[in-house]
Every structure is written in structure tokens, then in C-alpha cells.
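Text of target-v8.tsv, listed as TSV, C-alpha atoms:
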```tsv
chain	number	residue	atom	x	y	z
A	4	LEU	CA	-7.56	171.03	116.00
A	5	LYS	CA	-11.34	171.15	115.39
A	6	ILE	CA	-11.00	169.89	111.82
A	7	PRO	CA	-13.31	170.39	109.92
A	8	GLY	CA	-14.65	173.81	110.82
A	9	SER	CA	-11.39	175.73	111.01
A	10	ALA	CA	-8.74	177.08	108.69
A	11	THR	CA	-6.29	174.47	109.95
A	12	ARG	CA	-5.34	171.72	107.52
A	13	LEU	CA	-4.00	168.32	108.57
A	14	VAL	CA	-1.43	166.89	106.16
A	15	THR	CA	0.01	163.39	106.50
A	16	ARG	CA	2.92	161.65	104.79
A	17	ASP	CA	3.70	157.93	105.00
A	18	ASP	CA	7.38	157.17	105.57
A	19	GLN	CA	6.65	153.45	104.93
A	20	ARG	CA	8.71	152.63	108.02
A	21	ASP	CA	11.85	153.21	105.95
A	22	VAL	CA	14.56	155.14	107.79
A	23	ALA	CA	16.10	156.16	104.47
A	24	ARG	CA	12.86	157.96	103.53
A	25	LEU	CA	12.49	159.97	106.74
A	26	ASP	CA	14.31	163.16	105.72
A	27	GLU	CA	12.44	163.18	102.40
A	28	THR	CA	9.14	162.76	104.26
A	29	PHE	CA	9.90	165.65	106.63
A	30	ALA	CA	10.99	167.86	103.73
A	31	LEU	CA	7.73	167.14	101.89
A	32	LEU	CA	5.70	168.13	104.96
A	33	ASN	CA	7.77	171.30	105.26
A	34	ALA	CA	7.17	172.07	101.58
A	35	ASP	CA	3.44	171.58	102.19
A	36	GLY	CA	3.66	174.53	104.60
A	37	ALA	CA	3.66	172.58	107.87
A	38	ALA	CA	3.49	174.83	110.93
A	39	VAL	CA	4.24	171.87	113.21
A	40	ILE	CA	5.25	168.26	112.58
A	41	VAL	CA	4.00	165.52	114.92
A	42	GLY	CA	5.69	162.12	114.76
A	43	GLY	CA	8.18	159.77	116.32
A	44	THR	CA	6.32	156.51	116.81
A	45	ASP	CA	9.56	154.54	117.10
A	46	GLU	CA	13.11	155.32	118.17
A	47	ALA	CA	14.58	155.74	114.68
A	48	GLU	CA	11.84	158.15	113.60
A	49	ALA	CA	12.10	160.11	116.86
A	50	ASP	CA	15.87	160.48	116.41
A	51	ALA	CA	15.55	161.61	112.78
A	52	LEU	CA	12.65	164.01	113.42
A	53	ALA	CA	14.40	165.57	116.41
A	54	ALA	CA	17.51	166.18	114.28
A	55	TYR	CA	15.38	167.67	111.48
A	56	GLY	CA	13.59	170.00	113.88
A	57	GLU	CA	16.86	171.16	115.41
A	58	ARG	CA	18.38	171.75	111.99
A	59	THR	CA	15.44	173.63	110.46
A	60	LYS	CA	14.01	175.21	113.65
A	61	LEU	CA	10.61	173.85	112.57
A	62	PRO	CA	8.44	173.09	115.64
A	63	VAL	CA	8.31	169.32	116.24
A	64	LEU	CA	6.23	167.29	118.71
A	65	LEU	CA	7.64	163.83	119.39
A	66	LEU	CA	5.34	161.06	120.60
A	67	ARG	CA	8.34	159.38	122.24
A	68	PRO	CA	11.80	160.63	123.22
A	69	PRO	CA	14.84	160.44	120.95
A	70	ARG	CA	17.99	158.82	122.27
A	71	ARG	CA	19.72	162.21	122.59
A	72	ALA	CA	18.36	164.77	125.05
A	73	VAL	CA	16.58	167.73	123.44
A	74	SER	CA	17.47	171.36	124.08
A	75	GLY	CA	15.57	173.03	126.91
A	76	ASP	CA	14.72	176.04	124.74
A	77	GLY	CA	14.69	174.59	121.22
A	78	SER	CA	12.02	173.70	118.67
A	79	VAL	CA	11.63	170.04	119.66
A	80	PHE	CA	9.03	168.95	122.25
A	81	VAL	CA	8.70	165.47	123.78
A	82	LEU	CA	5.21	164.30	124.75
A	83	GLY	CA	5.45	160.57	125.36
A	84	PRO	CA	7.52	158.35	127.63
A	85	ALA	CA	10.32	156.04	126.58
A	86	PRO	CA	9.08	152.42	126.61
A	87	ARG	CA	12.07	151.39	128.74
A	88	ASP	CA	11.00	153.91	131.43
A	89	VAL	CA	7.42	152.62	131.36
A	90	ARG	CA	8.61	149.05	131.68
A	91	MET	CA	10.99	149.85	134.51
A	92	ALA	CA	8.13	151.57	136.37
A	93	MET	CA	6.06	148.42	135.90
A	94	LEU	CA	8.89	146.25	137.21
A	95	GLU	CA	9.48	148.48	140.22
A	96	GLY	CA	5.79	148.63	141.07
A	97	SER	CA	5.11	144.93	140.61
A	98	GLY	CA	7.18	143.82	143.59
A	99	ALA	CA	8.07	140.67	141.65
A	100	SER	CA	11.27	138.83	142.41
A	101	ARG	CA	11.24	137.05	139.01
A	102	ALA	CA	9.12	138.72	136.33
A	103	GLY	CA	8.41	137.53	132.82
A	104	LEU	CA	7.97	140.34	130.26
A	105	LEU	CA	5.65	140.15	127.24
A	106	LEU	CA	6.46	143.15	125.03
A	107	GLY	CA	5.23	144.68	121.81
A	108	ASP	CA	8.75	145.65	120.73
A	109	ARG	CA	12.37	145.22	121.81
A	110	ASP	CA	12.86	148.76	123.07
A	111	GLY	CA	14.85	148.85	126.29
A	112	THR	CA	15.32	145.09	126.49
A	113	ASP	CA	19.10	145.54	126.65
A	114	VAL	CA	18.67	147.42	129.94
A	115	LEU	CA	15.83	145.30	131.33
A	116	GLY	CA	17.60	142.07	130.43
A	117	ARG	CA	20.43	142.93	132.80
A	118	ASP	CA	18.08	143.35	135.76
A	119	THR	CA	18.18	140.30	138.03
A	120	ARG	CA	14.42	140.60	138.60
A	121	VAL	CA	13.71	139.83	134.93
A	122	ALA	CA	13.32	136.09	134.40
A	123	ALA	CA	12.62	136.17	130.65
A	124	ILE	CA	11.52	138.50	127.83
A	125	GLN	CA	9.24	137.48	124.96
A	126	GLN	CA	7.49	139.29	122.14
A	127	CYS	CA	3.69	139.52	121.97
A	128	GLY	CA	2.36	136.37	120.36
A	129	ALA	CA	4.66	134.03	122.26
A	130	SER	CA	3.25	131.16	124.30
A	131	LEU	CA	2.85	131.83	128.02
A	132	ASP	CA	4.77	128.61	128.64
A	133	PHE	CA	7.88	130.77	129.03
A	134	LEU	CA	6.59	131.86	132.44
A	135	ARG	CA	6.77	128.30	133.75
A	136	THR	CA	10.10	127.40	132.17
A	137	SER	CA	11.76	130.61	133.42
A	138	GLY	CA	10.33	130.35	136.94
A	139	ALA	CA	8.59	133.75	136.69
A	140	ASP	CA	6.30	134.73	139.57
A	141	ALA	CA	4.64	137.63	137.71
A	142	LEU	CA	3.88	138.73	134.14
A	143	LEU	CA	4.45	142.27	132.87
A	144	VAL	CA	2.63	143.08	129.61
A	145	ASP	CA	3.43	146.16	127.54
A	146	GLY	CA	2.13	145.83	124.02
A	147	SER	CA	-1.07	145.84	122.02
A	148	PRO	CA	-4.59	145.19	123.32
A	149	GLU	CA	-4.31	141.76	121.66
A	150	CYS	CA	-1.19	141.11	123.70
A	151	ASN	CA	-3.11	141.99	126.86
A	152	GLY	CA	-5.86	139.58	125.85
A	153	VAL	CA	-3.38	136.70	125.76
A	154	ALA	CA	-2.12	137.70	129.20
A	155	ALA	CA	-5.60	137.16	130.64
A	156	ALA	CA	-4.81	133.41	130.64
A	157	ALA	CA	-1.75	133.80	132.87
A	158	THR	CA	-1.77	131.95	136.20
A	159	VAL	CA	0.62	134.43	137.86
A	160	PRO	CA	-0.10	138.07	138.88
A	161	VAL	CA	-0.23	140.41	135.87
A	162	VAL	CA	0.84	144.05	135.47
A	163	VAL	CA	-0.43	145.85	132.35
A	164	GLY	CA	1.29	148.85	130.74
A	165	LEU	CA	-0.13	152.05	129.31
A	166	GLU	CA	-1.42	150.58	126.05
A	167	GLY	CA	-4.62	148.62	125.75
A	168	PRO	CA	-7.55	147.87	128.05
A	169	ARG	CA	-7.34	146.97	131.69
A	170	LEU	CA	-7.53	143.33	132.73
A	171	SER	CA	-9.75	142.13	135.54
A	172	GLY	CA	-7.60	141.29	138.55
A	173	ALA	CA	-4.43	142.83	137.07
A	174	LYS	CA	-2.49	145.84	138.25
A	175	THR	CA	-2.45	148.57	135.62
A	176	LEU	CA	0.01	151.37	135.02
A	177	VAL	CA	-2.09	154.53	134.77
A	178	ALA	CA	-1.06	157.90	133.35
A	179	GLY	CA	-3.45	160.83	133.35
A	180	ALA	CA	-6.91	160.06	131.98
A	181	LEU	CA	-6.01	156.83	130.20
A	182	HIS	CA	-8.00	153.66	130.93
A	183	GLY	CA	-11.22	155.68	131.15
A	184	GLU	CA	-11.15	156.60	134.83
A	185	SER	CA	-11.18	160.32	134.11
A	186	GLU	CA	-14.26	162.52	134.32
A	187	LEU	CA	-13.06	164.63	131.37
A	188	ALA	CA	-15.91	165.09	128.90
A	189	SER	CA	-13.54	164.44	125.98
A	190	VAL	CA	-12.56	161.03	127.38
A	191	GLN	CA	-16.18	160.13	128.02
A	192	ALA	CA	-17.06	161.13	124.45
A	193	TRP	CA	-14.30	158.86	123.10
A	194	ARG	CA	-15.47	155.96	125.27
A	195	ASP	CA	-19.09	156.45	124.19
A	196	LYS	CA	-18.13	156.46	120.52
A	197	HIS	CA	-15.62	153.60	120.52
A	198	GLY	CA	-16.86	151.43	123.38
A	199	SER	CA	-13.53	151.52	125.21
A	200	PRO	CA	-11.26	154.15	126.77
A	201	PRO	CA	-8.43	155.68	124.74
A	202	GLY	CA	-5.06	153.96	124.72
A	203	LEU	CA	-1.60	155.49	124.86
A	204	TRP	CA	-1.31	156.43	121.17
A	205	GLN	CA	-4.81	157.92	121.04
A	206	GLY	CA	-3.97	159.88	124.19
A	207	LEU	CA	-0.71	161.21	122.80
A	208	GLY	CA	-2.38	162.18	119.52
A	209	TYR	CA	-5.11	164.04	121.38
A	210	ASP	CA	-2.57	165.87	123.55
A	211	ALA	CA	-0.51	166.87	120.53
A	212	GLY	CA	-3.61	168.34	118.88
A	213	VAL	CA	-4.55	170.28	121.99
A	214	LEU	CA	-1.05	171.69	122.45
A	215	VAL	CA	-0.67	172.92	118.87
A	216	ALA	CA	-4.26	174.08	118.21
A	217	GLU	CA	-3.72	177.64	119.40
A	218	ALA	CA	-0.27	177.88	117.78
A	219	VAL	CA	-1.30	176.82	114.28
A	220	GLY	CA	-4.37	179.02	114.53
A	221	VAL	CA	-2.26	182.20	114.58
A	222	ARG	CA	-0.55	181.56	111.27
A	223	SER	CA	-2.86	183.88	109.31
A	224	ASN	CA	-1.67	186.94	111.23
A	225	ALA	CA	1.81	185.69	112.15
A	226	PRO	CA	5.00	187.48	111.00
A	227	GLU	CA	5.90	186.87	107.35
A	228	ASP	CA	9.51	186.08	108.30
A	229	SER	CA	9.64	182.28	108.65
A	230	HIS	CA	12.09	182.35	111.55
A	231	GLN	CA	9.97	184.80	113.55
A	232	ARG	CA	6.82	182.83	112.73
A	233	ARG	CA	8.36	179.58	113.95
A	234	GLN	CA	9.62	181.21	117.13
A	235	LEU	CA	6.10	182.52	117.81
A	236	ILE	CA	4.61	179.05	117.36
A	237	ILE	CA	7.27	177.45	119.57
A	238	GLY	CA	6.51	179.98	122.31
A	239	LEU	CA	2.76	179.34	122.09
A	240	ILE	CA	3.23	175.57	122.38
A	241	ALA	CA	5.51	175.97	125.39
A	242	ALA	CA	3.00	178.28	127.11
A	243	ARG	CA	-0.16	176.32	126.26
A	244	ARG	CA	-2.34	175.23	129.21
A	245	ALA	CA	-5.20	172.77	128.73
A	246	GLU	CA	-6.63	169.50	130.03
A	247	LEU	CA	-4.67	166.60	128.57
A	248	TRP	CA	-5.22	162.86	128.45
A	249	THR	CA	-1.84	161.31	129.30
A	250	THR	CA	-0.78	163.51	132.20
A	251	GLU	CA	-2.26	165.45	135.09
A	252	LYS	CA	-0.11	168.39	133.98
A	253	ARG	CA	-1.83	171.07	131.91
A	254	GLY	CA	0.91	171.49	129.33
A	255	ILE	CA	4.64	171.41	128.69
A	256	GLU	CA	5.05	173.98	131.49
A	257	GLY	CA	7.51	176.14	129.62
A	258	GLY	CA	10.08	173.41	129.01
A	259	ARG	CA	10.42	170.95	126.17
A	260	VAL	CA	9.89	167.56	127.85
A	261	ARG	CA	6.52	166.91	129.43
A	262	THR	CA	6.63	165.37	132.87
A	263	ARG	CA	3.99	162.92	134.09
A	264	GLN	CA	2.99	160.93	137.11
A	265	ARG	CA	2.58	157.19	136.71
A	266	VAL	CA	0.89	154.99	139.28
A	267	LEU	CA	-0.03	151.32	139.47
A	268	ARG	CA	-3.66	150.60	140.30
A	269	ASP	CA	-5.34	147.32	141.18
```

How would this structure read if it were set down as C-alpha cells?
Amino acid sequence: LKIPGSATRLVTRDDQRDVARLDETFALLNADGAAVIVGGTDEAEADALAAYGERTKLPVLLLRPPRRAVSGDGSVFVLGPAPRDVRMAMLEGSGASRAGLLLGDRDGTDVLGRDTRVAAIQQCGASLDFLRTSGADALLVDGSPECNGVAAAATVPVVVGLEGPRLSGAKTLVAGALHGESELASVQAWRDKHGSPPGLWQGLGYDAGVLVAEAVGVRSNAPEDSHQRRQLIIGLIAARRAELWTTEKRGIEGGRVRTRQRVLRD
């Protein structure tokens, strides 16, 4: 958004991770004159923000999908993947017959737990002893960088998800420019400043900013009618083309759910 140095203003509201406060939080952002709302860091927030966007026709960018599919021509855009889809891709690509999963949250564990290839599921912070007791022949890690650090002590092959740094000797799920293998100048600048490549949430935040930058920049000469103004912004987001961090695609490509390629690398 090139803040500072532009007329664009970034406004944040803390929902305090309280589902009951979500609608109030969205309404406050709307009252602040929000052209676009970016959010949805967990399933409950994504569901509530999607419903608010559909109800008000306010453009919304979700960092992860809601449980209900979004309209193909509506005001709600989905940028990030569902954790269950990421974890299933890791499981498929690992080739493991009995995998232990170390996860940052419980998302999708109901589905994964029914897969015969899953030996056990634990939250980040658990002892790696569960790998031995469950008979796991591989470890899949999808959580924080700290969670990945614990996984470095595993004695079985490791597959790391989209969040956090790569581990030496581990397969890594790669999406777009994450994990610092891209030649994009913006990724190199991040790595130079922070000493490590951007993770999933940094990547999604960057992509959201890129996709809305042109749209929020037209507000000064946009139609006064709020409905027409919102439709203009929605159209600009859908049509936006630019280099992004979490996908090889150059935008939403006219739809509402961004597609991506995911590959496992050694």
C-alpha cells in the first residue's frame, strides 16, 4: 500500500479473539470508512467476515477460506489455503505409510484423523516420543517456526508445511516465493531486513496489500454512491495483476478464490 507516502490509511481493530465481538469489530472498521477489510486468521473469523462481506457488499479479503463456499462474483475474496488442504498435500507428498502430525492448531484433524496413513496427531509443544509409541515412520510439521525447531530432533523423515523456516534434510511444502527461493526483489528485501525469508502469514499479508493497492487508491475519484464505489473496488481487485509471494499466479484471475501450485522440495 506504500504507507507512508500515499493517501491510503491503514486502520486496525482488535477482535480480542472473541467471536462475539467480530460483528462489532467489522462494523467499527466500516464506520471508519474502510474500502476493504482484510482478515480471517482462523475459521471462526473467516466465517463471520465472509458473512459480513456478503451482507454489506463491502469488499473482503480472507487470509483463509470460510467453511461455506464464496460466490464466484461476490464481494468476498479468498487468498490463503485451508490448513486441512495443506496438511493433506503434505501427507500425499510424503509417501509415508504411518505419519505422525505435529500441528499448530486442530484445524482439519477430524478429516486427517480418519486417514489410515495418520499414526497420531499432536499439538506443537508435545514431546516427540509420540512418534515412537505410535509407530510413525515420518513426521509432518505444520505450525510455528518454534514447532519446526523441535522437529529438527526427529529421527524419522520430516516434511515441513508452509509456515516457518526450512529444515536441513527435510522435505518442504513450497508455495510461490515462500522460503526465500524466489528472485523477486521484494522477497530479497524482506530477507535482507529480517534475516530469514517470509512465512505464510507475511506472504498472505503482502499479497493482500498488492491486490488492494490500486483499488483503494481510486477512492478519491470514485462514485459517491457507496454501492457503485464498492462494485468498482471489487472489479479492480478481481482484475489486478502483479507479482505475488504465495502463488505463481499474478492475481485472483477474475474469480474470487485464488488458485496456487504447491510442491514438495527436498

Inset, instruction - Excluding Thr136 (chain A) and any residue of its chain fewer than 3 positions from it, enumerate the residues within 10 Å of it, using only C-alpha atoms, and give them as a list in words. - result: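 After dropping sequence-adjacent residues, the list is Ala122, Ala123, Leu131, Asp132, Phe133 and Ala139 of chain A.
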
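For the residues A:Ala218, A:Leu247, A:Leu134, A:Val79, ranking by smallest atom-to-atom distance to Val190 (chain A) using only C-alpha atoms places A:Leu247 first.
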
Inset, instruction - Calculate how many Å separate CA of Glu217 (chain A) from CA of Glu186 (chain A), rounding to one decimal. - result: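 Value for the CA of Glu217 (chain A)-CA of Glu186 (chain A) distance: 23.7 Å.
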
Inset, instruction - Find, counting all atoms listed in the file, the residue in A:Asp35, A:Asp76, A:Glu27, A:Asp145 that gets nearest to Tyr55 (chain A). - result: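 Closest to Tyr55 (chain A), using all atoms listed in the file: A:Glu27.
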
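Taking CA of Arg71 (chain A) and CA of Ala53 (chain A) as endpoints, the distance between them is 8.8 Å.
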
Inset, instruction - Have a look at A:Arg67, A:Arg135, A:Lys196, A:Arg261 and name the one nearest to Gly83 (chain A); count all atoms listed in the file. - result: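 Ranking A:Arg67, A:Arg135, A:Lys196, A:Arg261 by distance to Gly83 (chain A), first place goes to A:Arg67.
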
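The nearest approach to Ser147 (chain A) among the residues A:Asp18, A:Glu57, A:Asp118, A:Asp108, with only C-alpha atoms taken into account, belongs to A:Asp108.
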
Legend entry - Distance in Å - CA of Thr28 (chain A) versus CA of Ile255 (chain A): 26.3 Å

Inset, instruction - List every protein, DNA or RNA residue with an atom no more than 12 Å from (1.7, 164.7, 124.8) in the file's coordinates, counting only C-alpha atoms, and format the result as number ranges by chain. - result: A: 41-43, 63-68, 80-84, 178-179, 203-215, 240-241, 243, 245-256, 259-263

Filtering to C-alpha atoms, could you give me those residues as an mmCIF file, in the coordinates of the input?
```
data_model
loop_
_atom_site.group_PDB
_atom_site.id
_atom_site.type_symbol
_atom_site.label_atom_id
_atom_site.label_comp_id
_atom_site.auth_asym_id
_atom_site.auth_seq_id
_atom_site.Cartn_x
_atom_site.Cartn_y
_atom_site.Cartn_z
ATOM 1 C CA VAL A 41 4.000 165.520 114.920
ATOM 2 C CA GLY A 42 5.690 162.120 114.760
ATOM 3 C CA GLY A 43 8.180 159.770 116.320
ATOM 4 C CA VAL A 63 8.310 169.320 116.240
ATOM 5 C CA LEU A 64 6.230 167.290 118.710
ATOM 6 C CA LEU A 65 7.640 163.830 119.390
ATOM 7 C CA LEU A 66 5.340 161.060 120.600
ATOM 8 C CA ARG A 67 8.340 159.380 122.240
ATOM 9 C CA PRO A 68 11.800 160.630 123.220
ATOM 10 C CA PHE A 80 9.030 168.950 122.250
ATOM 11 C CA VAL A 81 8.700 165.470 123.780
ATOM 12 C CA LEU A 82 5.210 164.300 124.750
ATOM 13 C CA GLY A 83 5.450 160.570 125.360
ATOM 14 C CA PRO A 84 7.520 158.350 127.630
ATOM 15 C CA ALA A 178 -1.060 157.900 133.350
ATOM 16 C CA GLY A 179 -3.450 160.830 133.350
ATOM 17 C CA LEU A 203 -1.600 155.490 124.860
ATOM 18 C CA TRP A 204 -1.310 156.430 121.170
ATOM 19 C CA GLN A 205 -4.810 157.920 121.040
ATOM 20 C CA GLY A 206 -3.970 159.880 124.190
ATOM 21 C CA LEU A 207 -0.710 161.210 122.800
ATOM 22 C CA GLY A 208 -2.380 162.180 119.520
ATOM 23 C CA TYR A 209 -5.110 164.040 121.380
ATOM 24 C CA ASP A 210 -2.570 165.870 123.550
ATOM 25 C CA ALA A 211 -0.510 166.870 120.530
ATOM 26 C CA GLY A 212 -3.610 168.340 118.880
ATOM 27 C CA VAL A 213 -4.550 170.280 121.990
ATOM 28 C CA LEU A 214 -1.050 171.690 122.450
ATOM 29 C CA VAL A 215 -0.670 172.920 118.870
ATOM 30 C CA ILE A 240 3.230 175.570 122.380
ATOM 31 C CA ALA A 241 5.510 175.970 125.390
ATOM 32 C CA ARG A 243 -0.160 176.320 126.260
ATOM 33 C CA ALA A 245 -5.200 172.770 128.730
ATOM 34 C CA GLU A 246 -6.630 169.500 130.030
ATOM 35 C CA LEU A 247 -4.670 166.600 128.570
ATOM 36 C CA TRP A 248 -5.220 162.860 128.450
ATOM 37 C CA THR A 249 -1.840 161.310 129.300
ATOM 38 C CA THR A 250 -0.780 163.510 132.200
ATOM 39 C CA GLU A 251 -2.260 165.450 135.090
ATOM 40 C CA LYS A 252 -0.110 168.390 133.980
ATOM 41 C CA ARG A 253 -1.830 171.070 131.910
ATOM 42 C CA GLY A 254 0.910 171.490 129.330
ATOM 43 C CA ILE A 255 4.640 171.410 128.690
ATOM 44 C CA GLU A 256 5.050 173.980 131.490
ATOM 45 C CA ARG A 259 10.420 170.950 126.170
ATOM 46 C CA VAL A 260 9.890 167.560 127.850
ATOM 47 C CA ARG A 261 6.520 166.910 129.430
ATOM 48 C CA THR A 262 6.630 165.370 132.870
ATOM 49 C CA ARG A 263 3.990 162.920 134.090
#
```

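Of the listed residues A:Glu46, A:Asn33, A:Leu105, A:Pro62, the one whose atoms come nearest to Gln234 (chain A) is A:Pro62, with distances taken using only C-alpha atoms.
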
Could region 81-92 of chain A be completed with all heavy atoms and written as a tab-separated table (two decimals), in the coordinates of the input, please?
```
chain	number	residue	atom	x	y	z
A	81	VAL	N	8.89	166.91	123.56
A	81	VAL	CA	8.70	165.47	123.78
A	81	VAL	C	7.44	165.26	124.62
A	81	VAL	O	7.36	165.75	125.74
A	81	VAL	CB	9.92	164.84	124.49
A	81	VAL	CG1	9.69	163.36	124.72
A	81	VAL	CG2	11.19	165.06	123.67
A	82	LEU	N	6.47	164.53	124.06
A	82	LEU	CA	5.21	164.30	124.75
A	82	LEU	C	5.15	162.96	125.47
A	82	LEU	O	4.63	162.86	126.57
A	82	LEU	CB	4.04	164.38	123.76
A	82	LEU	CG	3.84	165.67	122.99
A	82	LEU	CD1	2.52	165.62	122.23
A	82	LEU	CD2	3.87	166.88	123.92
A	83	GLY	N	5.64	161.92	124.84
A	83	GLY	CA	5.45	160.57	125.36
A	83	GLY	C	6.65	160.04	126.12
A	83	GLY	O	7.75	160.55	126.00
A	84	PRO	N	6.44	158.96	126.86
A	84	PRO	CA	7.52	158.35	127.63
A	84	PRO	C	8.31	157.37	126.78
A	84	PRO	O	7.82	156.84	125.78
A	84	PRO	CB	6.75	157.60	128.73
A	84	PRO	CG	5.48	157.19	128.06
A	84	PRO	CD	5.13	158.31	127.10
A	85	ALA	N	9.53	157.10	127.21
A	85	ALA	CA	10.32	156.04	126.58
A	85	ALA	C	9.79	154.69	127.07
A	85	ALA	O	9.56	154.52	128.27
A	85	ALA	CB	11.79	156.18	126.96
A	86	PRO	N	9.57	153.72	126.17
A	86	PRO	CA	9.08	152.42	126.61
A	86	PRO	C	9.92	151.80	127.72
A	86	PRO	O	9.38	151.17	128.63
A	86	PRO	CB	9.14	151.58	125.33
A	86	PRO	CG	8.93	152.58	124.23
A	86	PRO	CD	9.66	153.81	124.70
A	87	ARG	N	11.23	151.99	127.68
A	87	ARG	CA	12.07	151.39	128.74
A	87	ARG	C	11.73	151.98	130.10
A	87	ARG	O	11.78	151.28	131.12
A	87	ARG	CB	13.54	151.58	128.42
A	87	ARG	CG	14.00	153.02	128.32
A	87	ARG	CD	15.48	153.12	127.99
A	87	ARG	NE	15.91	154.50	127.80
A	87	ARG	CZ	15.84	155.14	126.64
A	87	ARG	NH1	15.34	154.53	125.59
A	87	ARG	NH2	16.24	156.39	126.53
A	88	ASP	N	11.37	153.28	130.14
A	88	ASP	CA	11.00	153.91	131.43
A	88	ASP	C	9.66	153.38	131.92
A	88	ASP	O	9.48	153.14	133.13
A	88	ASP	CB	10.94	155.43	131.27
A	88	ASP	CG	12.29	156.04	130.97
A	88	ASP	OD1	13.32	155.39	131.27
A	88	ASP	OD2	12.33	157.16	130.43
A	89	VAL	N	8.71	153.19	130.99
A	89	VAL	CA	7.42	152.62	131.36
A	89	VAL	C	7.61	151.22	131.93
A	89	VAL	O	7.05	150.86	132.97
A	89	VAL	CB	6.47	152.58	130.14
A	89	VAL	CG1	5.22	151.77	130.44
A	89	VAL	CG2	6.11	154.00	129.70
A	90	ARG	N	8.41	150.43	131.26
A	90	ARG	CA	8.61	149.05	131.68
A	90	ARG	C	9.37	148.94	132.99
A	90	ARG	O	9.11	148.05	133.80
A	90	ARG	CB	9.31	148.29	130.54
A	90	ARG	CG	8.38	148.16	129.34
A	90	ARG	CD	9.06	147.90	128.02
A	90	ARG	NE	8.05	147.94	126.96
A	90	ARG	CZ	8.32	147.80	125.67
A	90	ARG	NH1	9.57	147.62	125.26
A	90	ARG	NH2	7.34	147.84	124.78
A	91	MET	N	10.30	149.85	133.23
A	91	MET	CA	10.99	149.85	134.51
A	91	MET	C	10.05	150.24	135.63
A	91	MET	O	10.11	149.69	136.74
A	91	MET	CB	12.18	150.82	134.46
A	91	MET	CG	13.08	150.75	135.69
A	91	MET	SD	13.74	149.09	136.03
A	91	MET	CE	14.91	148.92	134.67
A	92	ALA	N	9.13	151.19	135.36
A	92	ALA	CA	8.13	151.57	136.37
A	92	ALA	C	7.23	150.39	136.69
A	92	ALA	O	6.85	150.18	137.85
A	92	ALA	CB	7.30	152.76	135.87
```
